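Structure file model.cif (mmCIF, C-alpha atoms and all ligand atoms) is printed below.
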```cif
data_coords
#
loop_
_atom_site.label_atom_id
_atom_site.label_comp_id
_atom_site.auth_asym_id
_atom_site.auth_seq_id
_atom_site.Cartn_x
_atom_site.Cartn_y
_atom_site.Cartn_z
CA MET D 1 1.45 -0.62 4.99
CA ARG D 2 4.47 -2.20 6.67
CA THR D 3 5.38 -5.84 6.29
CA GLU D 4 8.13 -7.83 7.94
CA ARG D 5 9.83 -10.90 6.66
CA ILE D 6 12.71 -12.95 7.97
CA SER D 7 15.78 -12.84 5.77
CA GLY D 8 18.37 -15.61 5.37
CA ASP D 9 20.30 -14.68 8.51
CA GLY D 10 17.13 -14.56 10.62
CA GLN D 11 17.00 -10.77 10.76
CA ALA D 12 13.59 -9.19 10.44
CA GLU D 13 13.63 -7.06 7.34
CA ARG D 14 11.11 -4.22 7.17
CA ARG D 15 9.87 -2.79 3.95
CA ASP D 16 7.07 -0.45 3.10
CA VAL D 17 4.47 -1.70 0.70
CA LYS D 18 2.75 1.13 -1.12
CA VAL D 19 -1.02 1.01 -1.32
CA VAL D 20 -2.68 2.04 -4.56
CA VAL D 21 -6.39 2.62 -4.02
CA GLY D 22 -8.98 2.34 -6.75
CA ALA D 23 -12.62 3.44 -6.80
CA ALA D 24 -15.21 1.13 -8.31
CA ILE D 25 -17.72 3.93 -8.92
CA VAL D 26 -21.10 2.32 -9.44
CA ALA D 27 -24.28 3.93 -10.74
CA ASP D 28 -27.39 2.17 -12.05
CA GLY D 29 -25.71 -1.24 -12.01
CA ARG D 30 -22.71 -0.07 -14.05
CA VAL D 31 -19.13 0.58 -13.01
CA LEU D 32 -16.91 3.34 -14.37
CA ALA D 33 -13.87 1.91 -16.16
CA CYS D 34 -11.08 4.25 -17.24
CA ALA D 35 -8.37 3.76 -19.87
CA ARG D 36 -4.92 4.97 -18.87
CA SER D 37 -3.28 7.57 -21.06
CA ALA D 38 0.25 7.01 -19.65
CA PRO D 39 2.89 5.73 -19.26
CA PRO D 40 3.28 4.15 -22.72
CA GLU D 41 3.64 0.58 -21.42
CA VAL D 42 0.16 0.67 -19.86
CA ALA D 43 -1.54 3.32 -22.00
CA GLY D 44 -4.85 1.98 -23.27
CA ARG D 45 -5.19 -0.58 -20.47
CA TRP D 46 -8.24 -0.17 -18.23
CA GLU D 47 -8.32 0.51 -14.50
CA PHE D 48 -10.32 2.00 -11.67
CA PRO D 49 -9.67 5.68 -11.03
CA GLY D 50 -7.34 6.17 -8.08
CA GLY D 51 -3.67 6.24 -7.24
CA LYS D 52 -1.09 6.01 -4.51
CA VAL D 53 -2.03 6.80 -0.92
CA GLU D 54 0.21 9.63 0.26
CA PRO D 55 2.05 9.47 3.60
CA GLY D 56 -0.33 10.34 6.44
CA GLU D 57 -3.36 10.19 4.18
CA SER D 58 -6.26 7.80 4.79
CA GLU D 59 -7.32 5.51 1.98
CA THR D 60 -10.73 7.19 1.87
CA ALA D 61 -9.13 10.63 1.61
CA ALA D 62 -6.83 9.39 -1.16
CA LEU D 63 -9.81 8.12 -3.14
CA VAL D 64 -11.73 11.35 -2.67
CA ARG D 65 -8.66 13.34 -3.79
CA GLU D 66 -7.90 11.14 -6.80
CA CYS D 67 -11.52 11.15 -8.01
CA ALA D 68 -11.57 14.95 -7.78
CA GLU D 69 -8.24 15.25 -9.63
CA GLU D 70 -8.90 12.67 -12.33
CA LEU D 71 -12.65 12.95 -12.86
CA ALA D 72 -13.75 16.23 -11.21
CA VAL D 73 -16.33 14.41 -9.09
CA ARG D 74 -17.15 14.04 -5.42
CA VAL D 75 -17.58 10.47 -4.22
CA GLU D 76 -18.76 8.62 -1.15
CA VAL D 77 -16.50 5.66 -0.45
CA GLY D 78 -18.11 2.37 0.56
CA ASP D 79 -17.00 -1.22 1.17
CA ARG D 80 -13.94 -3.05 -0.12
CA VAL D 81 -14.32 -4.96 -3.38
CA GLY D 82 -12.22 -8.11 -3.73
CA ARG D 83 -8.87 -8.69 -2.09
CA ASP D 84 -5.54 -6.88 -2.07
CA VAL D 85 -3.65 -7.69 -5.25
CA ARG D 86 0.15 -7.55 -5.24
CA MET D 87 1.78 -5.44 -7.94
CA ALA D 88 5.26 -4.29 -8.87
CA HIS D 89 7.04 -7.40 -7.60
CA GLY D 90 5.34 -7.15 -4.20
CA ARG D 91 6.30 -3.53 -3.57
CA ALA D 92 2.72 -2.29 -3.95
CA VAL D 93 -0.81 -3.58 -3.54
CA LEU D 94 -3.98 -2.59 -5.33
CA ARG D 95 -6.95 -2.16 -2.97
CA VAL D 96 -10.34 -1.27 -4.43
CA TYR D 97 -13.39 0.22 -2.73
CA ALA D 98 -16.92 0.64 -4.01
CA ALA D 99 -17.92 4.28 -4.39
CA ARG D 100 -20.86 6.33 -5.56
CA LEU D 101 -21.12 9.76 -7.05
CA LEU D 102 -22.38 12.59 -4.87
CA GLY D 103 -24.93 15.13 -6.03
CA ASP D 104 -25.31 15.36 -9.79
CA ASP D 105 -21.57 15.14 -10.40
CA GLN D 106 -20.70 13.65 -13.79
CA PRO D 107 -17.19 12.30 -14.36
CA ARG D 108 -14.95 13.93 -16.95
CA ALA D 109 -11.82 12.18 -18.19
CA LEU D 110 -9.29 14.82 -17.15
CA GLU D 111 -6.35 12.38 -17.09
CA HIS D 112 -7.66 9.24 -18.79
CA ALA D 113 -7.79 8.48 -22.50
CA GLU D 114 -11.36 7.19 -22.30
CA MET D 115 -14.10 6.24 -19.83
CA ARG D 116 -16.93 3.72 -20.09
CA TRP D 117 -19.81 2.69 -17.82
CA LEU D 118 -19.86 -1.11 -17.92
CA SER D 119 -22.64 -3.47 -16.84
CA ALA D 120 -21.80 -6.92 -15.41
CA ASP D 121 -22.16 -8.39 -18.92
CA GLU D 122 -19.75 -5.85 -20.36
CA LEU D 123 -16.91 -6.14 -17.83
CA ASP D 124 -14.85 -8.34 -20.15
CA THR D 125 -15.13 -5.99 -23.11
CA VAL D 126 -12.13 -3.92 -22.01
CA ASP D 127 -8.48 -4.85 -21.45
CA TRP D 128 -8.04 -4.46 -17.68
CA LEU D 129 -4.61 -4.08 -16.11
CA PRO D 130 -3.53 -7.50 -14.77
CA ALA D 131 -3.94 -6.56 -11.08
CA ASP D 132 -7.53 -5.51 -11.74
CA VAL D 133 -8.65 -8.84 -13.19
CA PRO D 134 -9.38 -10.63 -9.86
CA ILE D 135 -11.07 -7.52 -8.51
CA VAL D 136 -13.29 -7.24 -11.57
CA ALA D 137 -14.24 -10.90 -11.05
CA ALA D 138 -15.21 -10.14 -7.44
CA LEU D 139 -17.16 -7.08 -8.56
CA ARG D 140 -19.25 -8.87 -11.19
CA PRO D 141 -21.76 -10.55 -8.82
CA LEU D 142 -21.99 -7.41 -6.65
CA LEU D 143 -22.60 -4.91 -9.40
CA ALA D 144 -26.37 -5.13 -9.59
CA ARG D 145 -26.77 -4.47 -5.84
CA LEU D 146 -24.14 -1.80 -5.15
N1 LIG D 201 -5.19 4.01 -10.16
C1 LIG D 201 -5.03 2.73 -10.46
N2 LIG D 201 -3.76 2.25 -10.64
C2 LIG D 201 -3.67 0.95 -10.95
C3 LIG D 201 -4.80 0.11 -11.09
N3 LIG D 201 -4.36 -1.13 -11.43
C4 LIG D 201 -3.01 -1.09 -11.49
O1 LIG D 201 -2.25 -2.00 -11.79
N4 LIG D 201 -2.59 0.19 -11.20
C5 LIG D 201 -1.19 0.61 -11.17
C6 LIG D 201 -0.84 1.56 -12.28
C7 LIG D 201 0.27 2.37 -11.67
O2 LIG D 201 1.48 1.65 -11.80
C8 LIG D 201 -0.10 2.42 -10.19
C9 LIG D 201 -0.87 3.66 -9.80
O3 LIG D 201 -0.22 4.75 -10.27
P1 LIG D 201 -0.94 6.13 -10.59
O4 LIG D 201 -0.10 6.81 -11.60
O5 LIG D 201 -2.40 5.93 -10.92
O6 LIG D 201 -0.85 6.78 -9.18
P2 LIG D 201 -0.73 8.32 -8.82
O7 LIG D 201 -1.90 9.03 -9.41
O8 LIG D 201 -0.57 8.38 -7.34
O9 LIG D 201 0.56 8.69 -9.63
P3 LIG D 201 1.80 9.62 -9.41
O10 LIG D 201 1.33 10.80 -8.63
O11 LIG D 201 2.83 8.78 -8.70
O12 LIG D 201 2.19 9.92 -10.83
O13 LIG D 201 -0.91 1.28 -9.96
C10 LIG D 201 -6.10 0.64 -10.89
O14 LIG D 201 -7.14 -0.03 -11.02
N5 LIG D 201 -6.16 1.96 -10.58
#
```

Output the file's structure as structure tokens, nothing else.
Ligand SMILES: Nc1nc2c([nH]c(=O)n2[C@H]2C[C@H](O)[C@@H](COP(=O)(O)OP(=O)(O)OP(=O)(O)O)O2)c(=O)[nH]1
Amino acid sequence: MRTERISGDGQAERRDVKVVVGAAIVADGRVLACARSAPPEVAGRWEFPGGKVEPGESETAALVRECAEELAVRVEVGDRVGRDVRMAHGRAVLRVYAARLLGDDQPRALEHAEMRWLSADELDTVDWLPADVPIVAALRPLLARL
């Protein structure tokens, strides 16, 4: 994603904002929350599986790749959940999409410390990364019908 802003001398300044995509994988009214194992400053905080979109890669393809790498599952990517949330002093945004598991695939925590399926009532029982908090709030009323 490319943004432009006008600097003090009126020059347009271009900078690339990295997009981190996350998958809100929903099954039976529950979403899959994952606890990071690294780096140490965020280890134990909870997130949606996903990661950085690589150059030339679509967001859907990035989610499919990350879910295969991190959880060994195939997913179908659906609609956006919540809004873009700025991270890393504005140099990156978190963008989350609903997703569902394909076939009988069952996630395995290949890179995460722990995984939990959370119902709407249980969303606040884990310590989400700060950027995820508004997205989790947007997800709560949708969860039962995704
Ligand atoms: N995947 C993911 N990352 C999140 C979430 N919320 C949040 O703040 N982040 C942050 C944590 C990291 O600083 C960054 C994503 O980095 P990552 O390590 O998961 O991405 P990646 O798999 O592409 O990593 P790498 O190849 O660069 O090591 O975004 C979220 O819900 N999911």

Problem - D:Pro141 environment, 12 Å, only C-alpha atoms, sequence neighbours closer than 2 positions dropped, as a list in words - result: Gly29, Arg30, Val81, Gly82, Ser119, Ala120, Asp121, Leu123, Ile135, Val136, Ala137, Ala138, Leu139, Leu143, Ala144, Arg145 and Leu146 of chain D

Problem - For D:Arg91: contacts at 9 Å, all atoms listed in the file, fewer than 4 positions along chain excluded, given as a list in words - result: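 Close residues of D:Arg91: Arg15, Asp16, Val17, Lys18, Val19, Arg86 and Met87 of chain D.
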
Restricting the output to C-alpha atoms, write the selected residues as a PDB file, keeping the file's coordinate frame.
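Output below, filename out.pdb:
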```
ATOM      1  CA  ARG D  15       9.870  -2.790   3.950  1.00  0.00           C
ATOM      2  CA  ASP D  16       7.070  -0.450   3.100  1.00  0.00           C
ATOM      3  CA  VAL D  17       4.470  -1.700   0.700  1.00  0.00           C
ATOM      4  CA  LYS D  18       2.750   1.130  -1.120  1.00  0.00           C
ATOM      5  CA  VAL D  19      -1.020   1.010  -1.320  1.00  0.00           C
ATOM      6  CA  ARG D  86       0.150  -7.550  -5.240  1.00  0.00           C
ATOM      7  CA  MET D  87       1.780  -5.440  -7.940  1.00  0.00           C
TER       8      MET D  87
END
```

Test item: residues no farther than 6 Å from ligand LIG 201 (chain D), counting only C-alpha atoms and all ligand atoms, as a PDB file with C-alpha atoms, in the coordinates of the input:
```
ATOM      1  CA  VAL D  20      -2.680   2.040  -4.560  1.00  0.00           C
ATOM      2  CA  GLY D  22      -8.980   2.340  -6.750  1.00  0.00           C
ATOM      3  CA  GLU D  47      -8.320   0.510 -14.500  1.00  0.00           C
ATOM      4  CA  PHE D  48     -10.320   2.000 -11.670  1.00  0.00           C
ATOM      5  CA  PRO D  49      -9.670   5.680 -11.030  1.00  0.00           C
ATOM      6  CA  GLY D  50      -7.340   6.170  -8.080  1.00  0.00           C
ATOM      7  CA  GLY D  51      -3.670   6.240  -7.240  1.00  0.00           C
ATOM      8  CA  LYS D  52      -1.090   6.010  -4.510  1.00  0.00           C
ATOM      9  CA  LEU D 129      -4.610  -4.080 -16.110  1.00  0.00           C
ATOM     10  CA  ALA D 131      -3.940  -6.560 -11.080  1.00  0.00           C
ATOM     11  CA  ASP D 132      -7.530  -5.510 -11.740  1.00  0.00           C
TER      12      ASP D 132
END
```

Practice task
For atom CA of D:Ala68 and atom CA of D:Arg80, determine how far apart the two atoms are, in Å to one decimal place.
Solution key: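 These atoms are spaced 19.7 Å apart.
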
Exercise for the section: Tell me which protein, DNA and RNA residues are within 12 Å of D:Asp104, counting all atoms listed in the file, leaving out same-chain ones fewer than 6 positions away, and put them as a list of chain:residue names. Expected result: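 Once the nearby chain positions are removed, what remains is D:Ala27, D:Ala72, D:Val73, D:Arg74, D:Val75.
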
Exercise for the section: Enter the distance from atom CA of D:Leu110 to atom CA of D:His89, in Å, rounded to one decimal. Expected result: 29.2 Å

Practice task
Kindly indicate which residue among D:Thr125, D:Arg116, D:Ala98, D:Leu142 lies nearest to D:Val26, using only C-alpha atoms for the distances.
Solution key: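 When distances to D:Val26 are compared using only C-alpha atoms, the smallest one comes from D:Ala98.
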